[in-house]
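Have a look at the structure below before the remarks.
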Amino acid sequence: MVNPINQQAWGGRIDDEELVFSPRWHQLIQFVDLQDLNDTLVDKIVFVGFCSDQGVVRNKGRPGAKNGPEVIRQAMANLAVVNAFEAYDLGDVINENQLEHAQAELSTMLTDLIVLNAKPVVLGGGHEVGFASFKGAFDALMKSQHEFTLGVINFDAHLDCRKYGSEASSGTPFTQAALLSESFEKTFHYAVVGFNPTANTQGGVAFAKKRNTVIIDDVSSNLQNIEKIQSTLRDYLKPLSHVYLSLCLDVFHQSVAPGVSAPQAVGISPEFVITLLRWIIKFCKENNKLIVVFDIAEMNPLYDKEMITAKLAARLVHEYLNGS
């Protein structure tokens, strides 16, 4: 089910500057109905919420992420506009304990947006959003491209490559993505930055390594190693035509991101992620690699403190929007 956006979430202050118009994000956001997707959205940012944490519950994590999209919007609303943009909000996909149905609904929405050449940004929600985002991109490219090579870059402490049977969870999205790709005889291209070796089972690691996944661990993910990591990702990105970027907030140290389903004792820093994210966006633009979808996962307001995780999520969306 898709709920229209609660426009009050986009409330904020209005500055009366004498010399120049100084808007905040809530003054520029427009609202669009699912039935009104059209060419107006070409090259425009479109926000979609994914109000689900059923996958987290199935994965025996801490529930609460289903309320993530609204608090991320609240944190974004008052951001100062650095460069003027045009962005729309499509509302929320609501889970209501029917996870697979919600994933299918979101993936269909994303397919329609990507075929329109819009730039969807998905606000989560548990990382079960990952399969919906991937399938939405994959299906759009199957419809519109004769040849394509889609790859994933996931900032995450987890590979999310757990065994998948008949039931999805927040631990299975990239297993599902790999199986979908391989069902069409396509190679699954996957890179993970911020991997925590103690939070991933041997089975998940074996599944990922069998598919030549690029794995950069949390201890190595720092600014001192940035050039080496950029070189690794440069080689990874070269054969790709399209990219799906996913950012799980549990990749960060719990001191800067307590509001997540699985907090990290080690984690990585926002400065490192922002620096690498800027580089990825710049490299893709300069080398004709189209970023087709960006999502933020595992925002859990039940465990946040003074909205610091929500504010971090908002800053990361700003970095993506400002770079793309």
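How things are named: the first chain in the structure tokens is A, the next is B, and so on; residues count from 1 in each chain; ligands count from 1 in the order shown.
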Practice task
Write out as a ChimeraX atom specification which residues come within 6 Å of Ile296 of chain A when counting only C-alpha atoms, dropping same-chain ones fewer than 3 positions away.
Solution key: /A:123-124,247-248
I need the chosen residues saved as a PDB file, in the first residue's frame, with N, CA and C atoms.
```pdb
ATOM      1  N   LEU A 123      14.013   6.083   1.291  1.00  0.00           N
ATOM      2  CA  LEU A 123      14.267   6.289   2.709  1.00  0.00           C
ATOM      3  C   LEU A 123      13.711   5.102   3.478  1.00  0.00           C
ATOM      4  N   GLY A 124      14.603   4.372   4.195  1.00  0.00           N
ATOM      5  CA  GLY A 124      14.160   3.209   4.961  1.00  0.00           C
ATOM      6  C   GLY A 124      14.131   3.516   6.439  1.00  0.00           C
ATOM      7  N   LEU A 247      23.174   2.594   1.391  1.00  0.00           N
ATOM      8  CA  LEU A 247      23.901   3.023   2.575  1.00  0.00           C
ATOM      9  C   LEU A 247      23.130   2.598   3.817  1.00  0.00           C
ATOM     10  N   CYS A 248      23.653   1.584   4.486  1.00  0.00           N
ATOM     11  CA  CYS A 248      23.048   1.099   5.727  1.00  0.00           C
ATOM     12  C   CYS A 248      23.667   1.867   6.888  1.00  0.00           C
TER      13      CYS A 248
END
```
Using only C-alpha atoms, I'd like a table of the residues in segment 248-293 of chain A that come within 9 Å of segment 225-237 of chain A; for each, show the closest atom pair and its distance in Å rounded to one decimal, ordered by chain and ascending number, as CSV.
```
residue,atom,partner,partner_atom,distance
A:Phe272,CA,A:Ile226,CA,7.9
A:Thr275,CA,A:Ile226,CA,8.5
A:Leu276,CA,A:Ile226,CA,7.4
A:Trp279,CA,A:Gln230,CA,7.8
A:Ile280,CA,A:Gln230,CA,8.2
A:Phe283,CA,A:Arg234,CA,8.0
A:Cys284,CA,A:Leu237,CA,8.1
A:Lys289,CA,A:Leu237,CA,8.0
```
Could those selected residues go to a file with N, CA and C atoms, as a PDB file, in the first residue's frame?
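Generated output (result_20.pdb):
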```pdb
ATOM      1  N   PHE A 272      34.801   9.670   6.387  1.00  0.00           N
ATOM      2  CA  PHE A 272      35.272   8.716   5.384  1.00  0.00           C
ATOM      3  C   PHE A 272      34.172   8.414   4.373  1.00  0.00           C
ATOM      4  N   THR A 275      33.522  11.414   2.052  1.00  0.00           N
ATOM      5  CA  THR A 275      34.626  11.576   1.097  1.00  0.00           C
ATOM      6  C   THR A 275      34.545  10.537  -0.011  1.00  0.00           C
ATOM      7  N   LEU A 276      34.302   9.284   0.350  1.00  0.00           N
ATOM      8  CA  LEU A 276      34.236   8.227  -0.654  1.00  0.00           C
ATOM      9  C   LEU A 276      32.970   8.350  -1.501  1.00  0.00           C
ATOM     10  N   TRP A 279      33.533  10.905  -4.105  1.00  0.00           N
ATOM     11  CA  TRP A 279      34.408  10.383  -5.159  1.00  0.00           C
ATOM     12  C   TRP A 279      33.645   9.442  -6.092  1.00  0.00           C
ATOM     13  N   ILE A 280      32.825   8.565  -5.537  1.00  0.00           N
ATOM     14  CA  ILE A 280      32.055   7.621  -6.359  1.00  0.00           C
ATOM     15  C   ILE A 280      31.139   8.375  -7.318  1.00  0.00           C
ATOM     16  N   PHE A 283      33.291  10.087  -9.989  1.00  0.00           N
ATOM     17  CA  PHE A 283      33.840   9.105 -10.932  1.00  0.00           C
ATOM     18  C   PHE A 283      32.756   8.610 -11.881  1.00  0.00           C
ATOM     19  N   CYS A 284      31.582   8.318 -11.351  1.00  0.00           N
ATOM     20  CA  CYS A 284      30.498   7.827 -12.205  1.00  0.00           C
ATOM     21  C   CYS A 284      30.077   8.871 -13.230  1.00  0.00           C
ATOM     22  N   LYS A 289      28.870   6.300 -15.918  1.00  0.00           N
ATOM     23  CA  LYS A 289      28.253   5.242 -15.124  1.00  0.00           C
ATOM     24  C   LYS A 289      27.038   5.870 -14.437  1.00  0.00           C
TER      25      LYS A 289
END
```
task: Name all residues at most 12 Å from Phe21 of chain A (count only C-alpha atoms; drop same-chain ones fewer than 4 positions away) and give them as a ChimeraX atom specification.
output: /A:14-17,27,80-82,84
Generate the output file for the selected residues, N, CA and C atoms, as a PDB file, in the first residue's frame.
```
ATOM      1  N   ILE A  14      11.568  29.427   8.193  1.00  0.00           N
ATOM      2  CA  ILE A  14      11.750  30.208   6.967  1.00  0.00           C
ATOM      3  C   ILE A  14      12.585  31.430   7.323  1.00  0.00           C
ATOM      4  N   ASP A  15      13.681  31.602   6.618  1.00  0.00           N
ATOM      5  CA  ASP A  15      14.608  32.695   6.915  1.00  0.00           C
ATOM      6  C   ASP A  15      14.294  33.897   6.041  1.00  0.00           C
ATOM      7  N   ASP A  16      14.253  35.055   6.649  1.00  0.00           N
ATOM      8  CA  ASP A  16      13.972  36.297   5.940  1.00  0.00           C
ATOM      9  C   ASP A  16      15.282  37.073   5.786  1.00  0.00           C
ATOM     10  N   GLU A  17      16.109  36.610   4.832  1.00  0.00           N
ATOM     11  CA  GLU A  17      17.385  37.286   4.598  1.00  0.00           C
ATOM     12  C   GLU A  17      17.165  38.513   3.717  1.00  0.00           C
ATOM     13  N   GLN A  27      11.052  24.232   1.661  1.00  0.00           N
ATOM     14  CA  GLN A  27      10.460  25.228   0.772  1.00  0.00           C
ATOM     15  C   GLN A  27      10.552  24.834  -0.691  1.00  0.00           C
ATOM     16  N   ALA A  80      19.669  23.790   5.009  1.00  0.00           N
ATOM     17  CA  ALA A  80      19.816  24.939   4.124  1.00  0.00           C
ATOM     18  C   ALA A  80      20.137  24.463   2.711  1.00  0.00           C
ATOM     19  N   VAL A  81      19.542  25.098   1.731  1.00  0.00           N
ATOM     20  CA  VAL A  81      19.812  24.770   0.329  1.00  0.00           C
ATOM     21  C   VAL A  81      21.173  25.331  -0.054  1.00  0.00           C
ATOM     22  N   VAL A  82      22.066  24.454  -0.486  1.00  0.00           N
ATOM     23  CA  VAL A  82      23.393  24.889  -0.940  1.00  0.00           C
ATOM     24  C   VAL A  82      23.342  25.223  -2.423  1.00  0.00           C
ATOM     25  N   ALA A  84      20.448  25.137  -5.583  1.00  0.00           N
ATOM     26  CA  ALA A  84      19.015  24.973  -5.834  1.00  0.00           C
ATOM     27  C   ALA A  84      18.751  23.660  -6.565  1.00  0.00           C
TER      28      ALA A  84
END
```
Could you find all residues in segment 17-258 of chain A that DSSP calls strand (DSSP E or B) from the backbone, and write them as a PyMOL selection string?
chain A and resi 24+29-31+45-51+80+87-94+119-124+150-155+189-195+214-217+242-248+252-253
Counting only C-alpha atoms, the residue among A:Phe155, A:Phe195, A:Phe294, A:Phe134 that lies closest to Pro270 of chain A is A:Phe155
Atom CA of Ile216 of chain A sits from atom CA of Pro69 of chain A at a separation of 28.0 Å
Set out as a tab-separated table a contact list for segment 17-67 of chain A and segment 109-119 of chain A with a cut-off of 9 Å, giving each residue of segment 17-67 of chain A that qualifies its closest atom pair and distance in Å to one decimal, counting only C-alpha atoms, ordered by chain and rising residue number.
```
residue	atom	partner	partner_atom	distance
A:Leu34	CA	A:Met109	CA	8.1
A:Leu37	CA	A:Leu113	CA	7.6
A:Asn38	CA	A:Leu116	CA	7.2
A:Asp39	CA	A:Leu116	CA	6.5
A:Thr40	CA	A:Ala118	CA	9.0
A:Leu41	CA	A:Ala118	CA	5.4
A:Val42	CA	A:Ala118	CA	4.7
A:Asp43	CA	A:Ala118	CA	4.8
A:Lys44	CA	A:Ala118	CA	5.2
A:Ile45	CA	A:Lys119	CA	4.7
A:Val46	CA	A:Lys119	CA	5.9
A:Phe47	CA	A:Lys119	CA	8.6
A:Val48	CA	A:Leu110	CA	8.9
```
Produce a file of the selected residues containing N, CA, C and O atoms, as a PDB file, in the first residue's frame.
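Wrote it out as selection_39.pdb, contents follow:
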```pdb
ATOM      1  N   LEU A  34       1.249   8.945  -7.126  1.00  0.00           N
ATOM      2  CA  LEU A  34       1.703   7.786  -7.894  1.00  0.00           C
ATOM      3  C   LEU A  34       1.063   7.740  -9.272  1.00  0.00           C
ATOM      4  O   LEU A  34       1.666   7.259 -10.231  1.00  0.00           O
ATOM      5  N   LEU A  37       2.905  10.114 -12.461  1.00  0.00           N
ATOM      6  CA  LEU A  37       4.286  10.016 -12.910  1.00  0.00           C
ATOM      7  C   LEU A  37       4.356  10.354 -14.388  1.00  0.00           C
ATOM      8  O   LEU A  37       3.677   9.743 -15.214  1.00  0.00           O
ATOM      9  N   ASN A  38       5.165  11.343 -14.740  1.00  0.00           N
ATOM     10  CA  ASN A  38       5.256  11.765 -16.137  1.00  0.00           C
ATOM     11  C   ASN A  38       6.619  12.389 -16.387  1.00  0.00           C
ATOM     12  O   ASN A  38       7.500  12.378 -15.529  1.00  0.00           O
ATOM     13  N   ASP A  39       6.782  12.953 -17.575  1.00  0.00           N
ATOM     14  CA  ASP A  39       8.083  13.486 -17.979  1.00  0.00           C
ATOM     15  C   ASP A  39       8.549  14.665 -17.129  1.00  0.00           C
ATOM     16  O   ASP A  39       9.706  15.081 -17.231  1.00  0.00           O
ATOM     17  N   THR A  40       7.659  15.219 -16.307  1.00  0.00           N
ATOM     18  CA  THR A  40       8.063  16.289 -15.396  1.00  0.00           C
ATOM     19  C   THR A  40       9.193  15.827 -14.477  1.00  0.00           C
ATOM     20  O   THR A  40      10.013  16.626 -14.011  1.00  0.00           O
ATOM     21  N   LEU A  41       9.247  14.523 -14.231  1.00  0.00           N
ATOM     22  CA  LEU A  41      10.209  13.981 -13.270  1.00  0.00           C
ATOM     23  C   LEU A  41      11.558  13.629 -13.881  1.00  0.00           C
ATOM     24  O   LEU A  41      12.454  13.166 -13.167  1.00  0.00           O
ATOM     25  N   VAL A  42      11.738  13.809 -15.170  1.00  0.00           N
ATOM     26  CA  VAL A  42      13.011  13.497 -15.817  1.00  0.00           C
ATOM     27  C   VAL A  42      14.143  14.285 -15.156  1.00  0.00           C
ATOM     28  O   VAL A  42      14.057  15.516 -14.995  1.00  0.00           O
ATOM     29  N   ASP A  43      15.184  13.573 -14.730  1.00  0.00           N
ATOM     30  CA  ASP A  43      16.361  14.152 -14.080  1.00  0.00           C
ATOM     31  C   ASP A  43      16.058  14.784 -12.724  1.00  0.00           C
ATOM     32  O   ASP A  43      16.901  15.497 -12.171  1.00  0.00           O
ATOM     33  N   LYS A  44      14.874  14.531 -12.162  1.00  0.00           N
ATOM     34  CA  LYS A  44      14.520  15.106 -10.864  1.00  0.00           C
ATOM     35  C   LYS A  44      14.691  14.060  -9.759  1.00  0.00           C
ATOM     36  O   LYS A  44      14.489  12.870  -9.956  1.00  0.00           O
ATOM     37  N   ILE A  45      15.066  14.533  -8.575  1.00  0.00           N
ATOM     38  CA  ILE A  45      15.109  13.677  -7.397  1.00  0.00           C
ATOM     39  C   ILE A  45      13.676  13.362  -6.967  1.00  0.00           C
ATOM     40  O   ILE A  45      12.827  14.262  -6.881  1.00  0.00           O
ATOM     41  N   VAL A  46      13.404  12.089  -6.696  1.00  0.00           N
ATOM     42  CA  VAL A  46      12.086  11.681  -6.200  1.00  0.00           C
ATOM     43  C   VAL A  46      12.285  10.838  -4.944  1.00  0.00           C
ATOM     44  O   VAL A  46      12.911   9.780  -4.996  1.00  0.00           O
ATOM     45  N   PHE A  47      11.760  11.308  -3.826  1.00  0.00           N
ATOM     46  CA  PHE A  47      11.855  10.582  -2.570  1.00  0.00           C
ATOM     47  C   PHE A  47      10.704   9.597  -2.436  1.00  0.00           C
ATOM     48  O   PHE A  47       9.555   9.912  -2.757  1.00  0.00           O
ATOM     49  N   VAL A  48      11.025   8.412  -1.950  1.00  0.00           N
ATOM     50  CA  VAL A  48      10.022   7.399  -1.633  1.00  0.00           C
ATOM     51  C   VAL A  48      10.396   6.796  -0.281  1.00  0.00           C
ATOM     52  O   VAL A  48      11.558   6.433  -0.054  1.00  0.00           O
TER      53      VAL A  48
END
```
message = So, with only C-alpha atoms as the atoms that count, which of A:Arg315, A:His101, A:Lys282, A:His26 lies closest to Trp10 of chain A?
response =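 Among the listed residues, the smallest separation from Trp10 of chain A belongs to A:His26.
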* Which one of A:Pro173, A:Leu159, A:Ile29, A:Ser133 sits closest to Gly203 of chain A if you count only C-alpha atoms? ->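 For Gly203 of chain A, the nearest of the candidates is A:Leu159.
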Of the candidates A:Ala178, A:Val193, A:Val71, A:Ala310, which shows the shortest atom-to-atom distance to Lys210 of chain A, using only C-alpha atoms?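 Distance minimum relative to Lys210 of chain A lands on A:Ala178.
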